Each structure stands twice: as C-alpha cells, then as structure tokens.
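Trainee: Before anything else, here's the structure in question.
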Protein chains: 2
Amino acid sequence: MLRTHTCGVLNIKNVGQSVSLSGWVQKSRDLGGMTFVDLRDRYGITQLVFNMETDAKLCEKARKLGREFVIQAKGEVAERSNKNKKISTGEIEIIVSEFVVLNKSNIPPFTIEDETDGGEELRMKYRYLDLRRNPLRKNLELRHRMSIETRKYLDSQEFFEIETPYLIKSTPEGARDFVVPSRMNENEFYALPQSPQTFKQLLMVGGYDRYYQLVKCFRDEDLRADRQPEFTQIDCEMSFVDQEDILNTFEGLTKYLFKTVKNIDVTEFPRMPYSEAMQLYGSDKPDIRFGMEFVEVNDVAQNKGFKVFDDAELVIGFCAEGCGEYSRKQLDKLTDFVRRPQVGAQGMIYVKCNADGTFKSSVDKFFDQDALKTWAEKMNAKAGDLLLVLSGEAEKVRKQLCELRLEMGSQLGLRDPKVFKPLWVVDFPLLEWDEDSGRYHAMHHPFTSPKNEDIDMLESDPGKVRANAYDMVINGVEIGGGSIRIFDKTLQKRMFTLLGFSDEDAQAQFGFLMNAFEFGAPPHGGIALGFDRLVALFGGSDSIRDFIAFPKNNAGRDVMIDSPSAIVQEQLDELKLRVVKDGK
Amino acid sequence: MLRTHTCGVLNIKNVGQSVSLSGWVQKSRDLGGMTFVDLRDRYGITQLVFNMETDAKLCEKARKLGREFVIQAKGEVAERSNKNKKISTGEIEIIVSEFVVLNKSNIPPFTIEDETDGGEELRMKYRYLDLRRNPLRKNLELRHRMSIETRKYLDSQEFFEIETPYLIKSTPEGARDFVVPSRMNENEFYALPQSPQTFKQLLMVGGYDRYYQLVKCFRDEDLRADRQPEFTQIDCEMSFVDQEDILNTFEGLTKYLFKTVKNIDVTEFPRMPYSEAMQLYGSDKPDIRFGMEFVEVNDVAQNKGFKVFDDAELVIGFCAEGCGEYSRKQLDKLTDFVRRPQVGAQGMIYVKCNADGTFKSSVDKFFDQDALKTWAEKMNAKAGDLLLVLSGEAEKVRKQLCELRLEMGSQLGLRDPKVFKPLWVVDFPLLEWDEDSGRYHAMHHPFTSPKNEDIDMLESDPGKVRANAYDMVINGVEIGGGSIRIFDKTLQKRMFTLLGFSDEDAQAQFGFLMNAFEFGAPPHGGIALGFDRLVALFGGSDSIRDFIAFPKNNAGRDVMIDSPSAIVQEQLDELKLRVVKDGK
C-alpha cells in the first residue's frame, strides 16, 4: 500500500505518528520560509508542510509541485497553529521528511474546485477530471449508498435480485428499441430492453414471488433535456399481492432510504386519486410541498358579461397567500409567463384582496366588489392575498394553471429542495384515447388490470375505466410507477380486443408471455422506480447527468470516448450489414 | 395480501391458528375419505387436507385440482399424525375450510420435480416452468445471496459501486464486439462492453480510489459449451496499491463468501508462480484438491535404448498413490483416454510398484528392476503405487499429463465438489508469442505492468519478462484475474512499441485513456472475477447455465422468447441499414 492513511482520517489524536499519504496536489502556497501543500484524495484533504530552515532541498523540490501532481509523502503528524475548523483534518498537518512524485500532470483545462471555471462541454470531454470535483464525488457516493441501502431493504423483505437478459427481442410497440445485429443468426437482431417487464412477469409465473433488480434500460428516443439513452431502474415484481401491499412495500423502501441516507423522517405518504390530482393541481405529478390548490369558479365568473369567461369551458384559479401587494410589474411578468409558448395561455386575470377589505382586479369592468367578494370567499382568500385565474378549454387550462402554480411556488420559495413530500397518485385511467390512430391505447401497458368495480364498463364506456395503476411522486417529480397485472386469460383477451389487437398480433408480440400464462400464473403486480431521478432528487438537483459517472450528451454521444463511431468494413461484413449513405 | 403465511413457515407452534395460504398444487392424493394436496411456493411445501366426512362438497372440488393450479386456501393448522421429518412444515397440515382456484394450468410439458423428465431443449423453451423446480430455485437464491454478500464486503472495504456505460465504443483489438447502430448519429455504432476496463481505469484517474461493479459484459464469440454471449463480472479497481494489496483484498472477499454463504472456513490461499504451476501441474489453473504433482524423469528415462523417450524433449509423470493393483483393462482405458484427440498423446507408460517391492512396467524390455527403482525413488512412490509417464514435446506433454492427472483425480474421487482449494497463480509472463502474426501479444492486456526487476529485459528478452498479473483459481477453475496497470507514459510507449503499435494506432485505439494519463494518473490495479462461474462453483456445478435465470443456447438464441429475430423494414430504414441476403 502506498499509504498508511488516507487524506481524510488524521486528526489531533494522531499527533506524533509517522505516516505516509498519497494523493493529488490540490494547491500549494509558498510563504518564503514555509511551503504548504494541500494533498487531496477521495476521503479528504490533508496539509503538508515543508520548511526551508530544516530541509531546504526538500522544500525547493516541493515548490515545483504543480496542481494535480500525484505524490506520496512521508512525515510526522503535528498540531497546526492555525486550525481550520471546516475540515476534519483541520487541526493537524504533516511535517514532511520525504516525498516522491508518482506522476506529473498537465495543467488541467479547468479548475478542480467546487465551483469550477469549466463549461459543460469541456467538463464532459474531460469527465475524469470533472469527476475529481467534490460535488460530483459526493453525488456518486450518494448513488452508491442508495443502491446499497435499496438492496439491503429489499433483501430484508425477502426479495431476490435476479438478473434478466440484455440481449432480448425487439417489439414494434412502445418506444423505439436499440437493436443489436446477430452475427451467428444471419439477418436477425437482438434488442436491448426498454425494461425487464415481460421477464419479471415470467419470473412470477416461475414462482419467484418477490423479484427486484437495479438494472440498465435503453430507449432510442430523441433526447430531451436530461434524458439519457441508457438509464437505471429499481425494477420490482411481487406475487399474491394487491395494490395496497405494493404501495406499502415501496413506501417502506422510500422512508427507509430517507432515514438511512438523509436522516429524514418521512411521516406522511398520502394516496391521491388521479382525478383529484388533476382537479386540484392540474397534474398527475403534483408538487405538494405547498398549497395553492385549484378552485373552479365557473359559477361565479360566468354570465357577467365577460366574454372570455363566458366562452370558456373552465374558469379556474388559485389563491396566492400574502401576494396581495404584487406590483403592476410583477403581475405583468406573470402574464408574460403564462403567455410563453411553453405554457400557451392567452392571458391571466388577477384579483388583489386589499388589506382594507376591498378588491382590485384586472376585470373590474365586469365584476363589482360584491362579485369579487364571492370569488374570494369561494377561493378561501383573506385580506392580503392574490387570486390568479385562467380560463379556456378544460384540459389545457388546467395544465397552464399548473405551470403558473409551480412558478408562484418557486417565486415564493415554497419549493425547498431540502423538504421532501412524497405521495402516491392512484386510480389512473386504464386507457387513453389516441386521436392519431383513432383508438384507445393502454396508459401504462396492455397487461395492466382494470379495477374490479369498473370491469363492466370495459366495452360500454372504456374511457371511464380506472386501472390498478399507481405512480410514486416526490416534490412534483414522477419517480416511477407500476400496476397490478392481468393474470386471467379471458380478461386479457378483452383488453387486446379493446386495444385493437387481432389474435394474431397479440400472439406474435406477446405470445411467449401469453403461453406462460396457460401454466398457472399467480396474481402479481409490480413497480419500476427511476434510480437516476431518485438519486438526483435526494441530491437536491434536477439534473440526472450529475449523478451518472459517464453520461451522454443530448445527441446521445459520449464526447470523452468519442462514441458512437464508424466501425470497420470487416465488422459490417461479418454482420451481413451495409450502411446506407446519402440514400444509397 | 392473498396469504397470511408462506408455504414454508408453519410448524407445530402454529397449531390451532386460522391461516390463509397461496401457491401451486405440487401433487394431490385422493385416499377415498381424505384428499391431500401439497401446496408449493418459493418458501416450501405445506400439506392441505380435505375430508369427505366433514365437507364432501369441498373435498369433491379439491379432487379436481390439477398439477400446477394456483389456489388460495383458508383453514386451520393441525398436528399431523404421519409426520414428515424431511421438511420444516412436516409436522403440521391445514384442515381446509374454503379455497379458490386463482388460476388453472395446462398439464406442464415436464414434471416439476427435483429430477425432471424434461430434456434440455424442452426445459429451455419453458424456462419459466423449469425455474419452478427446486434445484434452479436454490441456484438463483444462491446467486442473489452471493451478490448481496459481495456488495456488503466491498462496501465495508470502502469500495464504491459505480455504473459504467453499456453503450460504448468499438475497438478492433481483442474479442469481437456486439455493436449497436446509432439512429441519431448516422452510420455510426456503439459497442457493448467486453469489460469496463478503460472506464474503471478512468475512474482511478478521477480519484475514486476503490471501485467495484457487478456488471454484464458481452462477447460475440462462437460459443463453446457453457459460454454465454452475456455474462456477469465482479469488476474492481484500486489505487495506491501494489499486487499484494489486491490479492489480500480479494482473498478476503473469497474467504468471506465461503464463510457467510457456505459456512466454510478457508484457511489456506497459497500463491504459486505461473512457472511452478506449469511445472508441477501442466496448467495455469491447477486443481490442488489433490497431489500427483509432476516429476520430470528425463535423467533416469533417457539413453536406455527406448527410442520414444530418447527422442522426447520431456519425459514426465506422476505417482498415483495406491493404484498399483490397476488391472490391464483399467490401464488400457487410461491409454485410450490419453490417445483421445482432445488429449492427443501417442501412448502412456506405466510402472506398477508391487507390494513385494518388485516393479512391473509397460517398458520392461528397456528398463530393469534397478532402473525402475530409481524411477520410483525419484517420483516418491512406495509399494502399491502406480507411476504414469508421458513423453514428447515439452509444452504439449505437460498439457496431456494435466488431463491425465485430472482424470485420475476424478477416478479416485479426489475432486469432491464440496471441498474448495483456492490459490493465486502469480508472475504470469507479460507477453506471449503469436505464431500467426509473428509478434508478441499482451497476455492480459496492453496496460499490464511488467515486474520492476524484469523491465531491463523488455527489449532484449521480452518473452522472459514477468508481469504483475495474477489469476484466482479454485478447484482447477479460473475464477478471474487482473493486474497492476502501467501508469507511466514512457513505459507505456515501450509496451506499445513491443506490441507492434504505431504511435497513430495507439492514439486511435487508446487515445482517450492515454490523454487521461497526462493529468495525474495514480498507481492502480484491479481484478475481474467471473460471477456466473463463481456461483456455479459454490453451487457445486460445472454448468453456469443452471445459475442464470434466462440463458442462451450454444447458437446464442433464447428459445423461450425466440430471439434474435428479424426486425421490421421501418426499423432498418431509420437506422440507415440494409441487411445483406445471399451476398446481395
């Protein structure tokens, strides 16, 4: 071992000991008679001291050390006169008696500091240097800790981790697959899994009862900000359970992670029907760290001569507590916000509830003080509050108001990344109507089971059927979701018919799973949580990229290794493939 | 939850309790007045009882239950009159008061028993049924247990598990890559990793100090028996260490696994130089559960007029203790064994050491009793032993004798799968000569460091240079290996030159790693252990396939899901690819 200790462990108790440390030169300060070098490794920073008086030659040598040089130093632990309370090793320093340069370093293209001067692109190219920075080191440590604790918890609940294959079969349904040409099976392809969905269901048929896996999944989609072509899921499935058992198990996991990793006691984990989430927050992933629930005001807003409201399917708003003094400028900015193409509203109506009990609104022309008072009462507003109201087509206006609510939450500092409010959104619709294809699609997937009490509506009113499907949402972020699966052949057939599958299509695409269901499939259900997203949330960040060691950019490229890249002709020949260039 | 207990937990203490169980019908016995049903789940088997006298209707219904039906049964725990001591629930049974059939089952194509009547192919096609059998269930549980314990141990040693990417870059060196066409980057390809080698080295450059990962790796090779195109490694790397630190760490892991998983105390973990392994066992992965070390007998065997020996580069044999009474037939069978094309020897010489102190050999014509006595002395044989001797070209004859030794070990029952003898084979040659290309190849990989004391021979006698490379071997199986890496640019350049790389080639293939080495690479080294192989060894089996949930066959096919398969034209078009059929 090229060290007796790491750079993070020595303290006042070690004074007088002879030690040997290895690490990187974080910085060095030449104060004439003395030279100080901060030596860094994964575990911390320790100060090395060189003295011109006691060993001029060594001190001269130390002065030549550049940033990020790798050295091994031997010396004695001594108490520091000028203590640094911010770091664990801040009470001591090493009086160095000898050292060797293990490796030199070029000058890094950006500073290896918590706040660096390197731009995104440069840091991606030199990812191995970016990874030396404290914030990224902490992120990857957090990720490691969370994966270990997730496994511990699920192991304690008698789950087996079972590896499912990566080279599987392409299915045209769903998102786009990455495919892998097979050399041994000419003109045939494997696909990389978008999720281990069918395999985990087969494991339930195989009697495995409780399965989990931290597993890479792949989707060849056009990358939006903060999507990755490969991502990691906590993938789970259980047998002989109903929905409540799954919710309780993974509520348990989440609480356990908050407690062990962040020492936070999560006490509340409400369950909210999808319909309520849409009604109160205009979103199936509501951020419940703050209120501002929606109130529908059609009854008090319409038929007063204001055409915009009168023509609207829905007039809806919320009360922003204590914002009654918002200036003209602030209100204009909010109007600009809702008019942005990403939000898409035509305009915004406000009502200020003044301290003196009067009201001031942008529609004073149509609504007198009494009318506005009924608004305020309906929206539970008091003096000093502000009402913000949008109107239009119901589905669209809810989404727009959702954006405005989140914006107000941010402006008012109500979205503290250190506060965590998880919930379950339940009772999702089983189906959603797709305008393009003119038929219903499965909202989760074709194996999701309808609620028993809604099964009678499957053919008569399919849009109203609710599913045994659920999402875990924390702070407005969808962490994952799942469902209780269909395990009855007759019901599955009805579902396929509803979704427009012919018997042949169903057999071709899901044949091996349907065949397995002929041999005693148990009732089962499961969930998949986005691990990258969960870790980012725990780390207090929106960006999953900072929690992945080697992420790809928005074009799906790894700029560090310069991948993907052309392959040699021999490889293509062996695979019996030809690339099409310029359409040829 | 569709059960109050699993089928593996109820015992005499639960007598009188009302319980609810769910599971599969393992078998049912109709004894006229009584019907017994064995209900099975992952946790065990519990006997259900139905009585014609107390509830004829229920009993009639139970009689109709087929094998592998899934049922939920409610009833009371009662003491059994006819106890079964072999299973944990054997003292009790459930007097069933009601039950529901949750799902029916077709008759399985083979019996779900420890010893099944299903052939390999049928069981692969219905893998989900094969997985219900106890032996496979135990194998996957063992795999889960070993992965959990591996992580616990490495976590306790301050290793971080860090996920490296699956979509990486193809390099023409080494084994064949699986490639993945990129849709977003036209005519370019990702490759699936053969190992995370370069990424783990980059993590060391990034200061991560101790990395591990249980990770899938991919190799597009023609599959020999018991090779899989995707396989799992315990992949590790450490900084600021020398070889001994790595050996100690992973010796520690192995001992820990033996103790926690199998309750076996492994005390000895010898280190054996490669040269010694070849000399004593003719193999770089010796099975040291038994002796029969090789003895070279050129000095006593040559120049006695026996042309076969006189012409041979090497005459070598071993002493099979207590086999002096082997019959003519047994010896002929051994001769047939060494003559098999897989072994390839011309013949075998034997010397029986008779109980009366005389000798009987197949070469009595050339060697008198005195001569044979010197053989016996040299090979440490005593009365009652058998000497087996081969001769020929040194390298070949060692391999042939290795096969013979293993065969004798098996015949004599010295290769007990419940006995475990691990060792490290160290000091591998750095390079091996490749006849085809007429140049040296790296025996491990181009970043493996030579031993300091051998560096001077790099150019003058490269074949003699030993590497800081090591393999872990248990019971004759190579579990994995690794090396201390080169981290010095000048030395790396000498290596590339030796291996016939031009500067441009080296830059093109390993550029990003070489660039990283310019920025303060620490001394580092690592290891990769074959996890499938390790689990199979712990499970006492040679076949990794039985320890993988969904393996592929020798043609790389998953016959259950029928993959790989053709993909639709739209997918090919999007990827700008064309398949070549019949050469067109």
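Labels for the structure tokens follow display order: chains A, B, ..., residues from 1 in each chain, ligands from 1.
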Name all residues at most 9 Å from Lys360 in chain A (count only C-alpha atoms; drop same-chain ones fewer than 2 positions away) and give them as number ranges by chain.
Mentor: A: 350-354, 358, 362-364, 369, 372
Trainee: Can you pull out every residue from range 14-101 of chain A that DSSP, working from the backbone, puts in strand (DSSP E), and format the result as number ranges by chain?
Mentor: A: 18-30, 34-41, 44-51, 70-79, 92-101
Trainee: Report as an MDAnalysis selection string all protein, DNA and RNA residues lying within 12 Å of Gly282 in chain A, evaluated on only C-alpha atoms, omitting residues in the same chain fewer than 4 positions from it.
Mentor: chainID A and resid 274:278 286:287 292:296 316:318 394:406 476
Trainee: Which residues are close to Asp454 in chain A, i.e. within 12 Å by only C-alpha atoms, leaving aside same-chain residues fewer than 4 positions away? Reply as a list in words.
Mentor: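 Neighbouring residues, sequence-local ones excluded: Asp427, Pro429, Leu430, Ser449, Pro450, Leu458, Glu459, Ser460, Asp461, Pro462, Gly463, Lys464, Val465, Arg466, Ala467 and Asn468 of chain A.
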Trainee: Neighbours of Arg339 in chain A within 12 Å (only C-alpha atoms; same-chain residues fewer than 3 positions away dropped), as a VMD selection string?
Mentor: chain A and resid 332 to 336 342 to 348 390 397 400 to 401 403 to 404
Trainee: The selected residues should be written to file as a PDB file, in the first residue's frame (atoms: C-alpha atoms).
Mentor:
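Below is the file that was written, selection-v5.pdb:
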ATOM      1  CA  ASP A 332     -47.199  41.739 -15.932  1.00  0.00           C
ATOM      2  CA  LYS A 333     -44.315  39.305 -15.600  1.00  0.00           C
ATOM      3  CA  LEU A 334     -46.730  36.578 -14.543  1.00  0.00           C
ATOM      4  CA  THR A 335     -48.919  37.376 -17.552  1.00  0.00           C
ATOM      5  CA  ASP A 336     -45.823  37.123 -19.754  1.00  0.00           C
ATOM      6  CA  GLN A 342     -44.354  26.544 -23.469  1.00  0.00           C
ATOM      7  CA  VAL A 343     -47.368  27.487 -21.313  1.00  0.00           C
ATOM      8  CA  GLY A 344     -49.682  28.781 -24.007  1.00  0.00           C
ATOM      9  CA  ALA A 345     -52.387  30.769 -22.185  1.00  0.00           C
ATOM     10  CA  GLN A 346     -53.987  33.837 -23.786  1.00  0.00           C
ATOM     11  CA  GLY A 347     -53.892  35.922 -20.654  1.00  0.00           C
ATOM     12  CA  MET A 348     -54.267  35.946 -16.883  1.00  0.00           C
ATOM     13  CA  LEU A 390     -57.150  31.361 -16.110  1.00  0.00           C
ATOM     14  CA  VAL A 397     -56.260  25.442 -18.868  1.00  0.00           C
ATOM     15  CA  GLN A 400     -51.467  26.127 -17.872  1.00  0.00           C
ATOM     16  CA  LEU A 401     -52.580  26.848 -14.330  1.00  0.00           C
ATOM     17  CA  GLU A 403     -47.338  25.823 -14.655  1.00  0.00           C
ATOM     18  CA  LEU A 404     -48.398  29.114 -13.070  1.00  0.00           C
TER      19      LEU A 404
END
Trainee: Expressed in Å to a single decimal, how great is the separation between CA of Val49 in chain B and CA of Asp245 in chain A?
Mentor: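 Calculated distance between CA of Val49 in chain B and CA of Asp245 in chain A is 28.7 Å.
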Trainee: Tell me which protein, DNA and RNA residues are within 10 Å of range 416-418 of chain A, counting only C-alpha atoms, leaving out same-chain ones fewer than 3 positions away, and put them as a list in words.
Mentor: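 Answer for this query is Lys262, Ile264, Arg289, Phe290, Gly409, Ser410, Gly413, Asn475, Leu537, Phe538, Gly539, Gly540, Ser541 and Asp542 of chain A.
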Trainee: Please identify all polymer residues within 12 Å of Thr89 in chain A, counting only C-alpha atoms, omitting same-chain residues fewer than 3 positions from it, and present them as a ChimeraX atom specification.
Mentor: /A:5-15,38-40,43-48,77-80,83-86,92-94
Trainee: Got time to write the residues from that selection, N, CA and C atoms, as a PDB file, in the first residue's frame?
Mentor:
ATOM      1  N   HIS A   5      -2.370   5.934   5.693  1.00  0.00           N
ATOM      2  CA  HIS A   5      -3.669   6.545   5.969  1.00  0.00           C
ATOM      3  C   HIS A   5      -4.167   7.234   4.695  1.00  0.00           C
ATOM      4  N   THR A   6      -5.465   7.508   4.665  1.00  0.00           N
ATOM      5  CA  THR A   6      -5.981   8.335   3.579  1.00  0.00           C
ATOM      6  C   THR A   6      -5.879   9.807   4.001  1.00  0.00           C
ATOM      7  N   CYS A   7      -6.214  10.705   3.094  1.00  0.00           N
ATOM      8  CA  CYS A   7      -6.114  12.145   3.393  1.00  0.00           C
ATOM      9  C   CYS A   7      -7.302  12.663   4.200  1.00  0.00           C
ATOM     10  N   GLY A   8      -8.185  11.775   4.640  1.00  0.00           N
ATOM     11  CA  GLY A   8      -9.373  12.248   5.350  1.00  0.00           C
ATOM     12  C   GLY A   8      -9.477  11.820   6.795  1.00  0.00           C
ATOM     13  N   VAL A   9      -8.467  11.118   7.330  1.00  0.00           N
ATOM     14  CA  VAL A   9      -8.676  10.490   8.643  1.00  0.00           C
ATOM     15  C   VAL A   9      -7.823  11.017   9.784  1.00  0.00           C
ATOM     16  N   LEU A  10      -6.720  11.664   9.469  1.00  0.00           N
ATOM     17  CA  LEU A  10      -5.811  12.053  10.563  1.00  0.00           C
ATOM     18  C   LEU A  10      -6.369  13.232  11.342  1.00  0.00           C
ATOM     19  N   ASN A  11      -6.219  13.187  12.661  1.00  0.00           N
ATOM     20  CA  ASN A  11      -6.669  14.294  13.498  1.00  0.00           C
ATOM     21  C   ASN A  11      -5.760  14.434  14.712  1.00  0.00           C
ATOM     22  N   ILE A  12      -6.181  15.237  15.642  1.00  0.00           N
ATOM     23  CA  ILE A  12      -5.326  15.612  16.781  1.00  0.00           C
ATOM     24  C   ILE A  12      -4.819  14.392  17.548  1.00  0.00           C
ATOM     25  N   LYS A  13      -5.575  13.307  17.497  1.00  0.00           N
ATOM     26  CA  LYS A  13      -5.157  12.091  18.224  1.00  0.00           C
ATOM     27  C   LYS A  13      -3.943  11.420  17.589  1.00  0.00           C
ATOM     28  N   ASN A  14      -3.672  11.741  16.318  1.00  0.00           N
ATOM     29  CA  ASN A  14      -2.567  11.093  15.621  1.00  0.00           C
ATOM     30  C   ASN A  14      -1.252  11.866  15.734  1.00  0.00           C
ATOM     31  N   VAL A  15      -1.269  12.981  16.463  1.00  0.00           N
ATOM     32  CA  VAL A  15      -0.077  13.823  16.539  1.00  0.00           C
ATOM     33  C   VAL A  15       1.112  13.000  17.035  1.00  0.00           C
ATOM     34  N   ASP A  38      -1.720  21.336  -0.077  1.00  0.00           N
ATOM     35  CA  ASP A  38      -2.944  20.590   0.257  1.00  0.00           C
ATOM     36  C   ASP A  38      -2.982  19.319  -0.574  1.00  0.00           C
ATOM     37  N   LEU A  39      -2.929  18.185   0.109  1.00  0.00           N
ATOM     38  CA  LEU A  39      -2.956  16.896  -0.586  1.00  0.00           C
ATOM     39  C   LEU A  39      -4.379  16.333  -0.526  1.00  0.00           C
ATOM     40  N   ARG A  40      -4.915  15.930  -1.691  1.00  0.00           N
ATOM     41  CA  ARG A  40      -6.319  15.536  -1.774  1.00  0.00           C
ATOM     42  C   ARG A  40      -6.465  14.090  -2.232  1.00  0.00           C
ATOM     43  N   TYR A  43     -11.044  10.844   0.197  1.00  0.00           N
ATOM     44  CA  TYR A  43     -11.504  10.879   1.583  1.00  0.00           C
ATOM     45  C   TYR A  43     -11.364  12.249   2.226  1.00  0.00           C
ATOM     46  N   GLY A  44     -10.573  13.135   1.616  1.00  0.00           N
ATOM     47  CA  GLY A  44     -10.418  14.454   2.211  1.00  0.00           C
ATOM     48  C   GLY A  44      -9.153  15.155   1.765  1.00  0.00           C
ATOM     49  N   ILE A  45      -8.751  16.142   2.554  1.00  0.00           N
ATOM     50  CA  ILE A  45      -7.570  16.948   2.254  1.00  0.00           C
ATOM     51  C   ILE A  45      -6.714  17.028   3.506  1.00  0.00           C
ATOM     52  N   THR A  46      -5.418  16.838   3.344  1.00  0.00           N
ATOM     53  CA  THR A  46      -4.507  16.989   4.474  1.00  0.00           C
ATOM     54  C   THR A  46      -3.392  17.952   4.073  1.00  0.00           C
ATOM     55  N   GLN A  47      -3.013  18.833   5.026  1.00  0.00           N
ATOM     56  CA  GLN A  47      -1.982  19.842   4.734  1.00  0.00           C
ATOM     57  C   GLN A  47      -0.588  19.272   4.972  1.00  0.00           C
ATOM     58  N   LEU A  48       0.265  19.414   3.953  1.00  0.00           N
ATOM     59  CA  LEU A  48       1.665  19.027   4.081  1.00  0.00           C
ATOM     60  C   LEU A  48       2.502  20.287   4.282  1.00  0.00           C
ATOM     61  N   VAL A  77       2.861  13.584  11.945  1.00  0.00           N
ATOM     62  CA  VAL A  77       1.655  14.385  12.194  1.00  0.00           C
ATOM     63  C   VAL A  77       1.955  15.396  13.292  1.00  0.00           C
ATOM     64  N   ALA A  78       1.616  16.673  13.042  1.00  0.00           N
ATOM     65  CA  ALA A  78       1.855  17.722  14.047  1.00  0.00           C
ATOM     66  C   ALA A  78       0.599  18.571  14.209  1.00  0.00           C
ATOM     67  N   GLU A  79       0.452  19.168  15.370  1.00  0.00           N
ATOM     68  CA  GLU A  79      -0.690  20.040  15.599  1.00  0.00           C
ATOM     69  C   GLU A  79      -0.480  21.342  14.835  1.00  0.00           C
ATOM     70  N   ARG A  80      -1.562  21.841  14.250  1.00  0.00           N
ATOM     71  CA  ARG A  80      -1.471  23.071  13.479  1.00  0.00           C
ATOM     72  C   ARG A  80      -1.635  24.263  14.401  1.00  0.00           C
ATOM     73  N   LYS A  83      -5.630  26.605  12.997  1.00  0.00           N
ATOM     74  CA  LYS A  83      -6.549  25.483  12.744  1.00  0.00           C
ATOM     75  C   LYS A  83      -7.660  25.848  11.760  1.00  0.00           C
ATOM     76  N   ASN A  84      -8.058  24.847  10.965  1.00  0.00           N
ATOM     77  CA  ASN A  84      -9.162  25.000  10.010  1.00  0.00           C
ATOM     78  C   ASN A  84     -10.323  24.133  10.501  1.00  0.00           C
ATOM     79  N   LYS A  85     -11.366  24.797  11.025  1.00  0.00           N
ATOM     80  CA  LYS A  85     -12.479  24.044  11.641  1.00  0.00           C
ATOM     81  C   LYS A  85     -13.410  23.435  10.603  1.00  0.00           C
ATOM     82  N   LYS A  86     -13.213  23.832   9.334  1.00  0.00           N
ATOM     83  CA  LYS A  86     -14.155  23.395   8.297  1.00  0.00           C
ATOM     84  C   LYS A  86     -13.922  21.965   7.840  1.00  0.00           C
ATOM     85  N   ILE A  92      -4.569  19.345  12.201  1.00  0.00           N
ATOM     86  CA  ILE A  92      -3.195  18.815  12.083  1.00  0.00           C
ATOM     87  C   ILE A  92      -2.582  19.149  10.728  1.00  0.00           C
ATOM     88  N   GLU A  93      -1.278  18.889  10.647  1.00  0.00           N
ATOM     89  CA  GLU A  93      -0.577  18.971   9.366  1.00  0.00           C
ATOM     90  C   GLU A  93       0.543  17.934   9.407  1.00  0.00           C
ATOM     91  N   ILE A  94       1.134  17.656   8.236  1.00  0.00           N
ATOM     92  CA  ILE A  94       2.213  16.660   8.175  1.00  0.00           C
ATOM     93  C   ILE A  94       3.523  17.391   7.917  1.00  0.00           C
TER      94      ILE A  94
END
Trainee: Report the residues of range 389-476 of chain B whose backbone DSSP state falls under helix (DSSP H, G or I), written as a count of residues only.
Mentor: 28
Trainee: So that each row is one residue of range 396-512 of chain A with an atom at most 12 Å from range 265-268 of chain A, can you give its shortest atom pair and the distance in Å to one decimal, using only C-alpha atoms, rows by chain and rising number, as a Markdown table?
Mentor:
| residue | atom | partner | partner_atom | distance |
| --- | --- | --- | --- | --- |
| A:Val419 | CA | A:Val266 | CA | 9.9 |
| A:Phe420 | CA | A:Val266 | CA | 7.8 |
| A:Lys421 | CA | A:Glu268 | CA | 7.7 |
| A:Pro422 | CA | A:Glu268 | CA | 7.6 |
| A:Leu423 | CA | A:Glu268 | CA | 8.0 |
| A:Trp424 | CA | A:Glu268 | CA | 10.7 |
| A:Ile474 | CA | A:Val266 | CA | 11.4 |
Trainee: The selected residues should be written to file as a PDB file, in the first residue's frame (atoms: N, CA, C and O atoms).
Mentor:
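selection-v4.pdb, written as the output of this step:
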ATOM      1  N   VAL A 419     -36.793  19.905   1.466  1.00  0.00           N
ATOM      2  CA  VAL A 419     -38.058  19.395   2.010  1.00  0.00           C
ATOM      3  C   VAL A 419     -38.581  18.340   1.031  1.00  0.00           C
ATOM      4  O   VAL A 419     -38.547  18.555  -0.180  1.00  0.00           O
ATOM      5  N   PHE A 420     -39.048  17.222   1.541  1.00  0.00           N
ATOM      6  CA  PHE A 420     -39.499  16.136   0.669  1.00  0.00           C
ATOM      7  C   PHE A 420     -40.935  15.729   1.003  1.00  0.00           C
ATOM      8  O   PHE A 420     -41.237  15.400   2.142  1.00  0.00           O
ATOM      9  N   LYS A 421     -41.806  15.804   0.000  1.00  0.00           N
ATOM     10  CA  LYS A 421     -43.210  15.449   0.181  1.00  0.00           C
ATOM     11  C   LYS A 421     -43.633  14.407  -0.856  1.00  0.00           C
ATOM     12  O   LYS A 421     -44.024  14.743  -1.969  1.00  0.00           O
ATOM     13  N   PRO A 422     -43.511  13.147  -0.490  1.00  0.00           N
ATOM     14  CA  PRO A 422     -43.913  12.094  -1.418  1.00  0.00           C
ATOM     15  C   PRO A 422     -45.413  11.820  -1.357  1.00  0.00           C
ATOM     16  O   PRO A 422     -46.066  12.124  -0.354  1.00  0.00           O
ATOM     17  N   LEU A 423     -45.937  11.266  -2.426  1.00  0.00           N
ATOM     18  CA  LEU A 423     -47.322  10.771  -2.422  1.00  0.00           C
ATOM     19  C   LEU A 423     -47.481   9.709  -3.492  1.00  0.00           C
ATOM     20  O   LEU A 423     -46.627   9.544  -4.375  1.00  0.00           O
ATOM     21  N   TRP A 424     -48.573   8.955  -3.370  1.00  0.00           N
ATOM     22  CA  TRP A 424     -48.972   8.028  -4.411  1.00  0.00           C
ATOM     23  C   TRP A 424     -50.124   8.637  -5.184  1.00  0.00           C
ATOM     24  O   TRP A 424     -51.106   9.071  -4.577  1.00  0.00           O
ATOM     25  N   ILE A 474     -42.595  12.514  -5.942  1.00  0.00           N
ATOM     26  CA  ILE A 474     -41.977  13.252  -4.837  1.00  0.00           C
ATOM     27  C   ILE A 474     -41.630  14.652  -5.335  1.00  0.00           C
ATOM     28  O   ILE A 474     -40.935  14.800  -6.344  1.00  0.00           O
TER      29      ILE A 474
END
Trainee: Grab the CA of Ser502 in chain B to CA of Leu202 in chain B distance for me, in Å with one decimal place.
Mentor: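 These two atoms are separated by 22.8 Å.
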Trainee: Between B:Leu387, B:Leu122, B:Ile567, B:Ala506, which is the closest to chain A once you count only C-alpha atoms?
Mentor: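 Checking each candidate against chain A, we get B:Ile567 as the closest.
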